[in-house]
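Asks: Got model-v3.cif for you, mmCIF, C-alpha atoms:
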```cif
data_query
loop_
_atom_site.label_atom_id
_atom_site.label_comp_id
_atom_site.auth_asym_id
_atom_site.auth_seq_id
_atom_site.Cartn_x
_atom_site.Cartn_y
_atom_site.Cartn_z
CA MET A 1 -15.98 -149.94 -145.32
CA ASP A 2 -13.59 -147.05 -145.35
CA PRO A 3 -14.95 -143.55 -145.88
CA LEU A 4 -15.24 -142.78 -149.57
CA ARG A 5 -12.36 -140.39 -150.02
CA ARG A 6 -11.27 -139.93 -153.60
CA SER A 7 -7.78 -139.19 -154.79
CA PRO A 8 -7.25 -136.61 -157.53
CA SER A 9 -8.38 -137.90 -160.89
CA PRO A 10 -5.61 -138.89 -163.28
CA CYS A 11 -7.41 -136.88 -165.96
CA SER A 12 -6.65 -133.64 -164.14
CA SER A 13 -2.98 -134.40 -163.49
CA ARG A 14 -1.41 -136.53 -166.16
CA PRO A 15 2.08 -137.90 -165.51
CA SER A 16 4.96 -136.42 -167.40
CA SER A 17 5.78 -138.05 -170.71
CA PRO A 18 8.95 -140.21 -170.74
CA ARG A 19 10.29 -137.98 -173.51
CA THR A 20 9.95 -134.84 -171.43
CA PRO A 21 11.62 -135.49 -168.08
CA PRO A 22 10.92 -132.96 -165.31
CA CYS A 23 13.32 -130.08 -165.10
CA GLU A 24 15.18 -129.55 -161.86
CA MET A 25 14.18 -126.23 -160.29
CA LEU A 26 16.77 -124.00 -158.70
CA GLY A 27 14.35 -122.15 -156.45
CA TYR A 28 10.75 -121.39 -155.60
CA VAL A 29 8.65 -120.19 -158.55
CA GLY A 30 5.08 -120.27 -157.24
CA ILE A 31 3.46 -122.75 -159.59
CA GLU A 32 1.45 -124.15 -156.71
CA ALA A 33 -0.47 -120.88 -156.59
CA VAL A 34 -2.44 -122.13 -159.60
CA LEU A 35 -4.47 -124.28 -157.19
CA ASP A 36 -5.44 -121.19 -155.21
CA GLN A 37 -6.45 -119.42 -158.41
CA LEU A 38 -8.66 -122.33 -159.45
CA LYS A 39 -10.24 -122.45 -156.01
CA ILE A 40 -11.01 -118.73 -156.00
CA LYS A 41 -12.54 -118.92 -159.48
CA ALA A 42 -14.62 -121.97 -158.57
CA MET A 43 -15.86 -120.30 -155.39
CA LYS A 44 -17.02 -117.31 -157.41
CA MET A 45 -18.78 -119.29 -160.13
CA GLY A 46 -20.15 -122.15 -158.07
CA PHE A 47 -20.99 -125.64 -159.28
CA GLU A 48 -23.88 -127.37 -161.01
CA PHE A 49 -25.18 -130.85 -160.33
CA ASN A 50 -28.22 -132.48 -161.92
CA ILE A 51 -29.65 -135.66 -160.43
CA MET A 52 -32.62 -137.80 -161.44
CA VAL A 53 -34.50 -140.19 -159.15
CA VAL A 54 -36.43 -143.07 -160.71
CA GLY A 55 -38.67 -145.60 -158.99
CA GLN A 56 -42.22 -146.51 -158.17
CA SER A 57 -44.36 -144.24 -156.04
CA GLY A 58 -44.02 -144.68 -152.31
CA LEU A 59 -40.35 -145.69 -152.24
CA GLY A 60 -39.21 -142.47 -150.56
CA LYS A 61 -37.52 -140.72 -153.48
CA SER A 62 -38.40 -137.19 -152.36
CA THR A 63 -37.45 -137.91 -148.76
CA MET A 64 -34.12 -139.35 -149.86
CA VAL A 65 -33.26 -136.22 -151.84
CA ASN A 66 -34.09 -134.04 -148.83
CA THR A 67 -31.94 -136.28 -146.65
CA LEU A 68 -29.00 -136.17 -149.04
CA PHE A 69 -28.75 -132.39 -149.02
CA LYS A 70 -30.33 -131.75 -145.61
CA SER A 71 -32.68 -129.28 -147.21
CA LYS A 72 -36.32 -129.09 -148.23
CA ILE A 73 -35.50 -129.68 -151.88
CA TRP A 74 -38.75 -131.48 -152.54
CA ASN A 75 -42.04 -131.29 -150.67
CA CYS A 76 -42.99 -134.77 -149.54
CA THR A 77 -46.69 -135.49 -149.84
CA PRO A 78 -48.15 -138.69 -148.44
CA LEU A 79 -49.85 -141.01 -150.84
CA ASP A 80 -53.61 -140.52 -150.77
CA LEU A 81 -55.51 -142.12 -153.59
CA GLY A 82 -58.66 -140.33 -152.51
CA GLN A 83 -57.31 -136.90 -153.42
CA GLY A 84 -57.37 -137.50 -157.13
CA PRO A 85 -56.96 -140.02 -159.94
CA VAL A 86 -53.68 -141.87 -160.39
CA PRO A 87 -51.70 -140.40 -163.36
CA GLN A 88 -52.11 -142.59 -166.43
CA THR A 89 -48.78 -141.57 -167.95
CA LEU A 90 -45.32 -140.95 -166.60
CA GLN A 91 -44.66 -137.28 -165.89
CA LEU A 92 -41.30 -135.67 -165.18
CA HIS A 93 -40.93 -132.80 -162.73
CA SER A 94 -37.77 -130.79 -162.07
CA VAL A 95 -36.92 -128.35 -159.32
CA THR A 96 -33.79 -126.22 -159.02
CA HIS A 97 -32.30 -124.75 -155.87
CA VAL A 98 -29.02 -123.07 -154.98
CA ILE A 99 -27.44 -124.54 -151.87
CA GLU A 100 -24.57 -122.76 -150.15
CA GLU A 101 -22.26 -124.29 -147.57
CA LYS A 102 -19.14 -122.53 -146.22
CA GLY A 103 -19.10 -120.18 -149.18
CA VAL A 104 -19.45 -122.94 -151.81
CA LYS A 105 -22.55 -122.60 -154.00
CA LEU A 106 -24.15 -125.61 -155.63
CA LYS A 107 -26.92 -125.21 -158.19
CA LEU A 108 -28.85 -128.42 -157.71
CA THR A 109 -31.51 -129.66 -160.12
CA VAL A 110 -33.57 -132.70 -159.11
CA THR A 111 -35.80 -134.47 -161.62
CA ASP A 112 -38.49 -136.82 -160.31
CA THR A 113 -40.39 -139.39 -162.35
CA PRO A 114 -43.80 -139.92 -160.72
CA GLY A 115 -45.83 -142.64 -162.35
CA PHE A 116 -42.92 -144.88 -163.37
CA GLY A 117 -43.89 -148.54 -163.07
CA ASP A 118 -47.25 -147.77 -161.46
CA GLN A 119 -49.45 -148.96 -164.33
CA ILE A 120 -50.69 -152.44 -165.14
CA ASN A 121 -49.13 -152.19 -168.60
CA ASN A 122 -45.64 -150.72 -168.22
CA ASP A 123 -44.58 -151.37 -171.80
CA LYS A 124 -42.03 -148.74 -172.86
CA CYS A 125 -42.64 -146.69 -169.73
CA TRP A 126 -38.96 -145.75 -169.88
CA ASP A 127 -39.31 -143.83 -173.16
CA PRO A 128 -40.18 -140.46 -171.52
CA ILE A 129 -37.17 -140.77 -169.19
CA LEU A 130 -34.71 -141.64 -171.95
CA GLY A 131 -36.28 -138.95 -174.12
CA TYR A 132 -35.74 -136.36 -171.39
CA ILE A 133 -32.10 -137.35 -170.87
CA ASN A 134 -31.35 -137.24 -174.59
CA GLY A 135 -33.30 -133.99 -174.86
CA GLN A 136 -30.87 -132.35 -172.45
CA TYR A 137 -27.96 -133.66 -174.50
CA GLU A 138 -29.58 -132.23 -177.62
CA GLN A 139 -30.09 -128.85 -175.97
CA TYR A 140 -26.44 -128.72 -174.89
CA LEU A 141 -25.30 -129.80 -178.37
CA GLN A 142 -27.32 -127.08 -180.10
CA GLU A 143 -25.75 -124.48 -177.82
CA GLU A 144 -22.28 -125.92 -178.35
CA ILE A 145 -22.33 -125.88 -182.15
CA LEU A 146 -23.42 -122.26 -182.43
CA ILE A 147 -20.96 -120.13 -184.34
CA THR A 148 -21.32 -117.44 -181.70
CA ARG A 149 -21.98 -119.30 -178.48
CA GLN A 150 -22.21 -118.41 -174.85
CA ARG A 151 -19.08 -118.26 -172.79
CA HIS A 152 -20.60 -120.65 -170.25
CA ILE A 153 -23.19 -123.02 -171.68
CA PRO A 154 -25.90 -123.83 -169.12
CA ASP A 155 -25.55 -127.48 -168.20
CA THR A 156 -28.90 -129.23 -167.75
CA ARG A 157 -27.61 -132.70 -168.59
CA VAL A 158 -28.42 -135.42 -166.05
CA HIS A 159 -25.19 -136.29 -164.26
CA CYS A 160 -26.54 -139.16 -162.20
CA CYS A 161 -29.68 -141.28 -162.02
CA VAL A 162 -30.49 -142.94 -158.69
CA TYR A 163 -32.66 -145.98 -159.38
CA PHE A 164 -34.82 -147.14 -156.46
CA VAL A 165 -35.31 -150.91 -156.33
CA PRO A 166 -38.40 -152.05 -154.36
CA PRO A 167 -37.44 -154.09 -151.27
CA THR A 168 -39.03 -157.32 -152.48
CA GLY A 169 -36.21 -159.48 -151.17
CA HIS A 170 -36.18 -161.62 -154.33
CA CYS A 171 -34.35 -160.21 -157.34
CA LEU A 172 -34.67 -157.54 -160.00
CA ARG A 173 -38.02 -157.49 -161.80
CA PRO A 174 -38.16 -157.79 -165.61
CA LEU A 175 -39.12 -154.10 -165.70
CA ASP A 176 -35.98 -153.18 -163.75
CA ILE A 177 -33.75 -155.24 -166.04
CA GLU A 178 -35.24 -153.90 -169.28
CA PHE A 179 -34.98 -150.31 -168.12
CA LEU A 180 -31.50 -150.52 -166.59
CA GLN A 181 -30.11 -152.12 -169.74
CA ARG A 182 -31.17 -149.04 -171.68
CA LEU A 183 -30.44 -146.49 -168.99
CA CYS A 184 -26.83 -147.46 -168.25
CA ARG A 185 -25.84 -146.66 -171.85
CA THR A 186 -27.13 -143.11 -171.53
CA VAL A 187 -26.41 -141.88 -168.01
CA ASN A 188 -24.55 -142.81 -164.82
CA VAL A 189 -26.83 -145.16 -162.85
CA VAL A 190 -26.59 -145.77 -159.10
CA PRO A 191 -29.10 -148.41 -157.92
CA VAL A 192 -30.24 -148.42 -154.30
CA ILE A 193 -32.49 -150.68 -152.25
CA ALA A 194 -35.31 -148.41 -151.12
CA ARG A 195 -36.89 -148.63 -147.66
CA ALA A 196 -34.23 -151.07 -146.53
CA ASP A 197 -35.61 -150.99 -142.98
CA SER A 198 -38.35 -153.37 -144.17
CA LEU A 199 -35.71 -156.12 -144.57
CA THR A 200 -33.64 -157.91 -141.98
CA ILE A 201 -29.84 -157.81 -142.23
CA GLU A 202 -29.74 -161.33 -143.68
CA GLU A 203 -32.51 -160.60 -146.17
CA ARG A 204 -30.76 -157.40 -147.20
CA GLU A 205 -27.45 -159.13 -147.92
CA ASN A 206 -29.11 -161.95 -149.85
CA PHE A 207 -31.13 -159.43 -151.86
CA ARG A 208 -27.96 -157.48 -152.65
CA GLN A 209 -26.18 -160.60 -153.90
CA ARG A 210 -29.11 -161.52 -156.14
CA ILE A 211 -29.20 -158.02 -157.60
CA GLN A 212 -25.45 -158.05 -158.23
CA HIS A 213 -25.86 -161.39 -160.00
CA ASN A 214 -28.70 -159.95 -162.13
CA LEU A 215 -26.58 -156.95 -163.08
CA LYS A 216 -23.66 -159.13 -164.09
CA THR A 217 -25.80 -161.66 -165.97
CA HIS A 218 -27.61 -159.01 -168.03
CA CYS A 219 -24.47 -156.88 -168.65
CA ILE A 220 -25.80 -153.84 -166.79
CA ASP A 221 -22.81 -151.60 -166.09
CA VAL A 222 -23.74 -149.28 -163.25
CA TYR A 223 -21.61 -146.51 -161.78
CA PRO A 224 -18.70 -146.60 -161.03
CA GLN A 225 -17.83 -148.43 -164.23
CA LYS A 226 -14.86 -150.75 -163.98
CA CYS A 227 -13.49 -149.72 -167.38
CA PHE A 228 -12.87 -146.17 -166.11
CA ASP A 229 -10.59 -147.11 -163.22
CA GLU A 230 -7.49 -145.38 -164.52
CA ASP A 231 -5.06 -145.94 -161.65
CA ILE A 232 -4.58 -148.19 -158.66
CA ASN A 233 -6.19 -145.74 -156.24
CA ASP A 234 -9.38 -145.56 -158.33
CA ARG A 235 -9.42 -149.34 -158.66
CA ILE A 236 -9.14 -149.94 -154.93
CA LEU A 237 -11.74 -147.34 -153.96
CA ASN A 238 -14.25 -148.22 -156.66
CA SER A 239 -13.92 -151.94 -156.01
CA LYS A 240 -15.10 -151.35 -152.44
CA ILE A 241 -18.04 -149.36 -153.76
CA ARG A 242 -18.99 -151.98 -156.34
CA ASP A 243 -19.00 -154.64 -153.63
CA ARG A 244 -21.66 -152.65 -151.71
CA ILE A 245 -23.88 -151.63 -154.62
CA PRO A 246 -26.85 -151.45 -154.48
CA PHE A 247 -26.75 -149.47 -151.25
CA ALA A 248 -29.47 -150.31 -148.75
CA VAL A 249 -30.80 -146.89 -147.75
CA VAL A 250 -33.41 -145.32 -145.52
CA GLY A 251 -34.51 -141.71 -145.90
CA ALA A 252 -35.67 -139.33 -143.17
CA ASP A 253 -35.86 -135.56 -142.93
CA GLN A 254 -36.81 -135.25 -139.26
CA GLU A 255 -34.50 -135.07 -136.27
CA HIS A 256 -34.94 -137.08 -133.09
CA LEU A 257 -33.15 -136.99 -129.74
CA VAL A 258 -31.04 -140.12 -129.18
CA ASN A 259 -28.74 -140.36 -126.16
CA GLY A 260 -28.68 -136.59 -125.80
CA ARG A 261 -27.92 -135.80 -129.44
CA CYS A 262 -30.11 -134.91 -132.41
CA VAL A 263 -29.97 -137.39 -135.27
CA LEU A 264 -31.78 -137.76 -138.57
CA GLY A 265 -34.00 -140.80 -138.41
CA ARG A 266 -37.36 -142.49 -138.62
CA LYS A 267 -39.25 -143.24 -135.43
CA THR A 268 -40.98 -146.59 -135.17
CA LYS A 269 -42.53 -148.49 -132.27
CA TRP A 270 -39.34 -150.56 -132.12
CA GLY A 271 -37.06 -147.54 -131.88
CA ILE A 272 -35.41 -144.92 -134.07
CA ILE A 273 -33.69 -145.81 -137.35
CA GLU A 274 -30.70 -143.49 -137.71
CA VAL A 275 -30.05 -142.84 -141.37
CA GLU A 276 -26.43 -141.81 -140.78
CA ASN A 277 -25.64 -144.85 -138.66
CA MET A 278 -23.90 -147.56 -140.71
CA ALA A 279 -25.26 -150.18 -138.34
CA HIS A 280 -28.78 -149.22 -139.45
CA CYS A 281 -28.43 -148.46 -143.18
CA GLU A 282 -25.92 -147.51 -145.88
CA PHE A 283 -27.09 -143.99 -146.52
CA PRO A 284 -23.63 -142.53 -145.60
CA LEU A 285 -22.09 -144.54 -148.46
CA LEU A 286 -24.58 -143.14 -150.97
CA ARG A 287 -24.04 -139.59 -149.70
CA ASP A 288 -20.26 -139.91 -149.90
CA LEU A 289 -20.45 -141.35 -153.41
CA LEU A 290 -22.75 -138.67 -154.83
CA ILE A 291 -21.38 -135.62 -153.01
CA ARG A 292 -18.12 -136.02 -151.13
CA SER A 293 -15.98 -138.21 -153.35
CA HIS A 294 -17.38 -138.71 -156.88
CA LEU A 295 -19.48 -135.64 -157.73
CA GLN A 296 -16.94 -134.20 -160.16
CA ASP A 297 -16.22 -137.62 -161.64
CA LEU A 298 -19.93 -138.09 -162.34
CA LYS A 299 -19.92 -134.83 -164.27
CA ASP A 300 -16.72 -135.73 -166.14
CA ILE A 301 -18.07 -139.10 -167.30
CA THR A 302 -21.35 -137.47 -168.32
CA HIS A 303 -19.53 -134.94 -170.49
CA ASN A 304 -16.70 -137.07 -171.87
CA VAL A 305 -18.48 -140.40 -172.32
CA HIS A 306 -22.28 -140.28 -172.39
CA TYR A 307 -22.65 -136.87 -174.00
CA GLU A 308 -19.76 -137.60 -176.36
CA ASN A 309 -21.48 -140.78 -177.55
CA TYR A 310 -24.68 -138.81 -178.17
CA ARG A 311 -22.79 -136.02 -179.96
CA VAL A 312 -21.00 -138.44 -182.27
CA CYS A 313 -24.27 -140.18 -183.19
CA ARG A 314 -26.06 -136.92 -183.90
CA LEU A 315 -23.25 -135.49 -185.99
CA ASN A 316 -23.02 -138.71 -187.97
CA GLN A 317 -26.73 -138.37 -188.71
CA SER A 318 -26.17 -134.90 -190.18
CA HIS A 319 -25.25 -135.08 -193.88
CA MET A 320 -25.08 -131.36 -194.66
CA LEU A 321 -24.40 -128.41 -192.38
CA PRO A 322 -25.68 -125.02 -193.63
CA ARG A 323 -23.38 -122.07 -193.78
CA GLY A 324 -23.80 -118.77 -192.01
CA PRO A 325 -24.42 -117.69 -188.44
CA GLY A 326 -27.07 -119.13 -186.21
CA TRP A 327 -28.18 -122.63 -185.31
CA VAL A 328 -26.67 -125.55 -187.13
CA ASN A 329 -29.54 -127.61 -188.49
CA LEU A 330 -28.93 -131.21 -187.49
CA GLY A 331 -32.40 -132.27 -188.47
CA PRO A 332 -35.15 -133.30 -186.07
CA THR A 333 -34.33 -135.92 -183.51
CA SER A 334 -35.95 -139.27 -184.10
CA ALA A 335 -38.64 -140.58 -181.80
CA SER A 336 -36.22 -143.15 -180.42
CA PRO A 337 -32.93 -141.97 -178.94
CA PRO A 338 -29.76 -142.40 -181.01
CA ALA A 339 -28.30 -145.86 -180.76
CA THR A 340 -25.49 -145.55 -178.27
CA HIS A 341 -23.08 -148.35 -177.66
CA ALA A 342 -21.84 -149.39 -174.28
CA PRO A 343 -19.30 -146.86 -173.00
CA SER A 344 -15.93 -147.73 -174.44
CA LYS A 345 -12.72 -147.28 -172.56
CA VAL A 346 -11.67 -143.91 -173.88
CA ARG A 347 -9.46 -141.33 -172.32
CA ARG A 348 -11.63 -138.77 -170.57
CA ARG A 349 -10.66 -135.26 -171.51
CA THR A 350 -10.18 -132.70 -168.82
CA HIS A 351 -13.33 -130.65 -168.45
CA ASP A 352 -13.49 -127.82 -165.91
CA ASN A 353 -17.16 -127.76 -164.92
CA SER A 354 -16.43 -125.44 -162.04
CA THR A 355 -16.42 -122.46 -164.40
CA GLU A 356 -20.09 -122.77 -165.26
CA GLY A 357 -21.89 -119.75 -163.95
CA PHE A 358 -25.40 -119.61 -162.62
#
```
Turn the structure described in the file into structure tokens.
Replies:
Amino acid sequence: MDPLRRSPSPCSSRPSSPRTPPCEMLGYVGIEAVLDQLKIKAMKMGFEFNIMVVGQSGLGKSTMVNTLFKSKIWNCTPLDLGQGPVPQTLQLHSVTHVIEEKGVKLKLTVTDTPGFGDQINNDKCWDPILGYINGQYEQYLQEEILITRQRHIPDTRVHCCVYFVPPTGHCLRPLDIEFLQRLCRTVNVVPVIARADSLTIEERENFRQRIQHNLKTHCIDVYPQKCFDEDINDRILNSKIRDRIPFAVVGADQEHLVNGRCVLGRKTKWGIIEVENMAHCEFPLLRDLLIRSHLQDLKDITHNVHYENYRVCRLNQSHMLPRGPGWVNLGPTSASPPATHAPSKVRRRTHDNSTEGF
């Protein structure tokens, strides 16, 4: 598969209307300097990215996050049932760090969901997760509808949810199907096969095909959604990604010496599994998707599709808006999240997330 390099989004550079043909220029004006201005402003303000990892305990979620950003984002603790009782309810934990690389600052927030799917009765175990995601939408909405609002609204909305599928080698479990059907309507979902080194190459490919069949059969639209391919370049690139989803990944945050070079990998008695080696796993594809090629697109779809659906539902629920300064009373949110339909093919408005300060 080719490296995931993304062309400029059509939302940020719309073609000229047929009624307004381009004017022939007689000399150099300097319009291209706008790109330098945007770059300087973005470098000053930095970027925000919020990611959620969901899966059963022991699938390597914390290690995968550390591997993605090559930082100690999350402290990995080995499972030891003797240290304390197993949590009886799902608990959400978030950590925020500022990562800087070559002068570019990224405010990264990672939300973990320990306890998901670990109980005997997992009925509605997804409610706290969906409630958290919609709670961030509600918080952003309340800030947005203020009469006197902040210049840069803090963005805590979840831009991407990485769902870890246990490497059973069979197909998606009923729990996975029920949860993904609800989750894909609320947030961008990227499923991955966790601990893929426990499967052979043939088992991995067969497992991937079964999962893809499950997703198609149960109408689970994971990221990147086909309805948002707005030009031929997006269609070609995203089609290659969809053919490989779910990515078979292996996480490791320790370096080992292989043929005279240090590589990230896991050491076993059979050898070293290099996480950045495509012959061993598909971690490079996941990294390129989340960071190098689609990070801004994930944020755009979150703002212009998922959050927009939530905003429309909440405003439709409000029958009377009080006058005067202060918070607009939309009424308390219901216990269940607003009914959101599957993302429709709407034109995504340009949204400059790079101007959000820390």
Asks: Determine the residue set returned by the PyMOL selection byres ((chain A and resi 239-248) around 8) for the present structure, and present it as a PyMOL selection string.
Replies: chain A and resi 1+190-196+204+208+211-212+224+235-238+249-250+281-283+285-286
Asks: Distance atom CA of A:Asp123-atom CA of A:His93, one decimal place?
Replies: 21.0 Å
Asks: May I ask which of the residues A:Met43, A:Ile273, A:Val165, A:Val305 is the closest one to A:Glu101, counting only C-alpha atoms?
Replies: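 Nearest candidate to A:Glu101 out of A:Met43, A:Ile273, A:Val165, A:Val305: A:Met43.
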Asks: Quick one: residues within 12 Å of A:Leu257, all atoms listed in the file, excluding same-chain residues fewer than 5 positions away - as an MDAnalysis selection string?
Replies: chainID A and resid 262:267 271:274
Asks: Here is a test: counting all atoms listed in the file, which residue of A:Pro21, A:Gly103, A:Leu68, A:Gly60 is nearest to A:Gly46?
Replies: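 The shortest atom-to-atom distance to A:Gly46 comes from A:Gly103.
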Asks: Determine the residue membership of the PyMOL selection byres ((chain A and resi 126) around 9) for the file above and supply it as a list in words.
Replies: Leu90, Phe116, Gly117, Asn122, Asp123, Lys124, Cys125, Asp127, Pro128, Ile129, Leu130, Gly131, Glu178, Phe179, Arg182 and Leu183 of chain A
Asks: Any idea what's packed within 10 Å of A:Val158, counting all atoms listed in the file, ignoring anything in its chain fewer than 3 positions away? Could you give it as a ChimeraX atom specification?
Replies: /A:49-52,109-111,132-134,136-137,155,161,186-188,298-299,302-303,307
Asks: Counting all atoms listed in the file, what is within 12 Å of A:Thr63, bar same-chain residues fewer than 6 positions away, as an NGL selection string?
Replies: :A and (53 or 57 or 69-78 or 112 or 194-195 or 249-254 or 264-266 or 275)
Asks: With C-alpha atoms retained, export the selected residues as a compact mmCIF listing (two decimals), in the coordinates of the input.
Replies:
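And here's part23.txt as it stands now:
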```
# COMPACT_ATOMS: atom_id res chain seq x y z
CA VAL A 53 -34.50 -140.19 -159.15
CA SER A 57 -44.36 -144.24 -156.04
CA PHE A 69 -28.75 -132.39 -149.02
CA LYS A 70 -30.33 -131.75 -145.61
CA SER A 71 -32.68 -129.28 -147.21
CA LYS A 72 -36.32 -129.09 -148.23
CA ILE A 73 -35.50 -129.68 -151.88
CA TRP A 74 -38.75 -131.48 -152.54
CA ASN A 75 -42.04 -131.29 -150.67
CA CYS A 76 -42.99 -134.77 -149.54
CA THR A 77 -46.69 -135.49 -149.84
CA PRO A 78 -48.15 -138.69 -148.44
CA ASP A 112 -38.49 -136.82 -160.31
CA ALA A 194 -35.31 -148.41 -151.12
CA ARG A 195 -36.89 -148.63 -147.66
CA VAL A 249 -30.80 -146.89 -147.75
CA VAL A 250 -33.41 -145.32 -145.52
CA GLY A 251 -34.51 -141.71 -145.90
CA ALA A 252 -35.67 -139.33 -143.17
CA ASP A 253 -35.86 -135.56 -142.93
CA GLN A 254 -36.81 -135.25 -139.26
CA LEU A 264 -31.78 -137.76 -138.57
CA GLY A 265 -34.00 -140.80 -138.41
CA ARG A 266 -37.36 -142.49 -138.62
CA VAL A 275 -30.05 -142.84 -141.37
```
Asks: Could you expand the PyMOL selection byres ((chain A and resi 180) around 9) into the explicit residues it covers here, written as number ranges by chain?
Replies: A: 163, 175-179, 181-185, 189, 215, 220-222
Asks: Starting from the sparse input, extend stretch 151-170 of chain A to N, CA and C atoms and give the output as a CSV table (one decimal), keeping the file's coordinate frame.
Replies:
```
chain,number,residue,atom,x,y,z
A,151,ARG,N,-20.4,-118.0,-173.4
A,151,ARG,CA,-19.1,-118.3,-172.8
A,151,ARG,C,-19.2,-119.5,-171.9
A,152,HIS,N,-20.3,-119.5,-171.1
A,152,HIS,CA,-20.6,-120.6,-170.2
A,152,HIS,C,-22.0,-121.2,-170.6
A,153,ILE,N,-22.0,-122.4,-171.2
A,153,ILE,CA,-23.2,-123.0,-171.7
A,153,ILE,C,-23.9,-123.6,-170.5
A,154,PRO,N,-25.2,-123.2,-170.2
A,154,PRO,CA,-25.9,-123.8,-169.1
A,154,PRO,C,-26.0,-125.3,-169.2
A,155,ASP,N,-25.6,-126.0,-168.2
A,155,ASP,CA,-25.6,-127.5,-168.2
A,155,ASP,C,-26.8,-128.0,-167.5
A,156,THR,N,-27.7,-128.6,-168.3
A,156,THR,CA,-28.9,-129.2,-167.8
A,156,THR,C,-28.9,-130.7,-167.9
A,157,ARG,N,-27.7,-131.3,-168.4
A,157,ARG,CA,-27.6,-132.7,-168.6
A,157,ARG,C,-27.7,-133.4,-167.2
A,158,VAL,N,-28.3,-134.6,-167.3
A,158,VAL,CA,-28.4,-135.4,-166.0
A,158,VAL,C,-27.1,-136.1,-165.8
A,159,HIS,N,-26.5,-135.7,-164.6
A,159,HIS,CA,-25.2,-136.3,-164.3
A,159,HIS,C,-25.3,-137.6,-163.6
A,160,CYS,N,-26.4,-137.9,-162.9
A,160,CYS,CA,-26.5,-139.2,-162.2
A,160,CYS,C,-28.0,-139.5,-162.1
A,161,CYS,N,-28.3,-140.8,-162.2
A,161,CYS,CA,-29.7,-141.3,-162.0
A,161,CYS,C,-29.7,-142.3,-160.9
A,162,VAL,N,-30.4,-142.0,-159.8
A,162,VAL,CA,-30.5,-142.9,-158.7
A,162,VAL,C,-31.7,-143.8,-158.9
A,163,TYR,N,-31.5,-145.1,-159.1
A,163,TYR,CA,-32.7,-146.0,-159.4
A,163,TYR,C,-33.0,-146.7,-158.1
A,164,PHE,N,-34.3,-146.6,-157.7
A,164,PHE,CA,-34.8,-147.1,-156.5
A,164,PHE,C,-35.4,-148.5,-156.8
A,165,VAL,N,-34.8,-149.5,-156.2
A,165,VAL,CA,-35.3,-150.9,-156.3
A,165,VAL,C,-36.3,-151.2,-155.2
A,166,PRO,N,-37.5,-151.7,-155.4
A,166,PRO,CA,-38.4,-152.0,-154.4
A,166,PRO,C,-37.8,-153.2,-153.5
A,167,PRO,N,-38.0,-153.1,-152.2
A,167,PRO,CA,-37.4,-154.1,-151.3
A,167,PRO,C,-38.2,-155.4,-151.3
A,168,THR,N,-38.3,-156.1,-152.4
A,168,THR,CA,-39.0,-157.3,-152.5
A,168,THR,C,-38.3,-158.5,-151.8
A,169,GLY,N,-37.0,-158.4,-151.8
A,169,GLY,CA,-36.2,-159.5,-151.2
A,169,GLY,C,-35.9,-160.6,-152.1
A,170,HIS,N,-36.4,-160.5,-153.4
A,170,HIS,CA,-36.2,-161.6,-154.3
A,170,HIS,C,-35.1,-161.3,-155.3
```
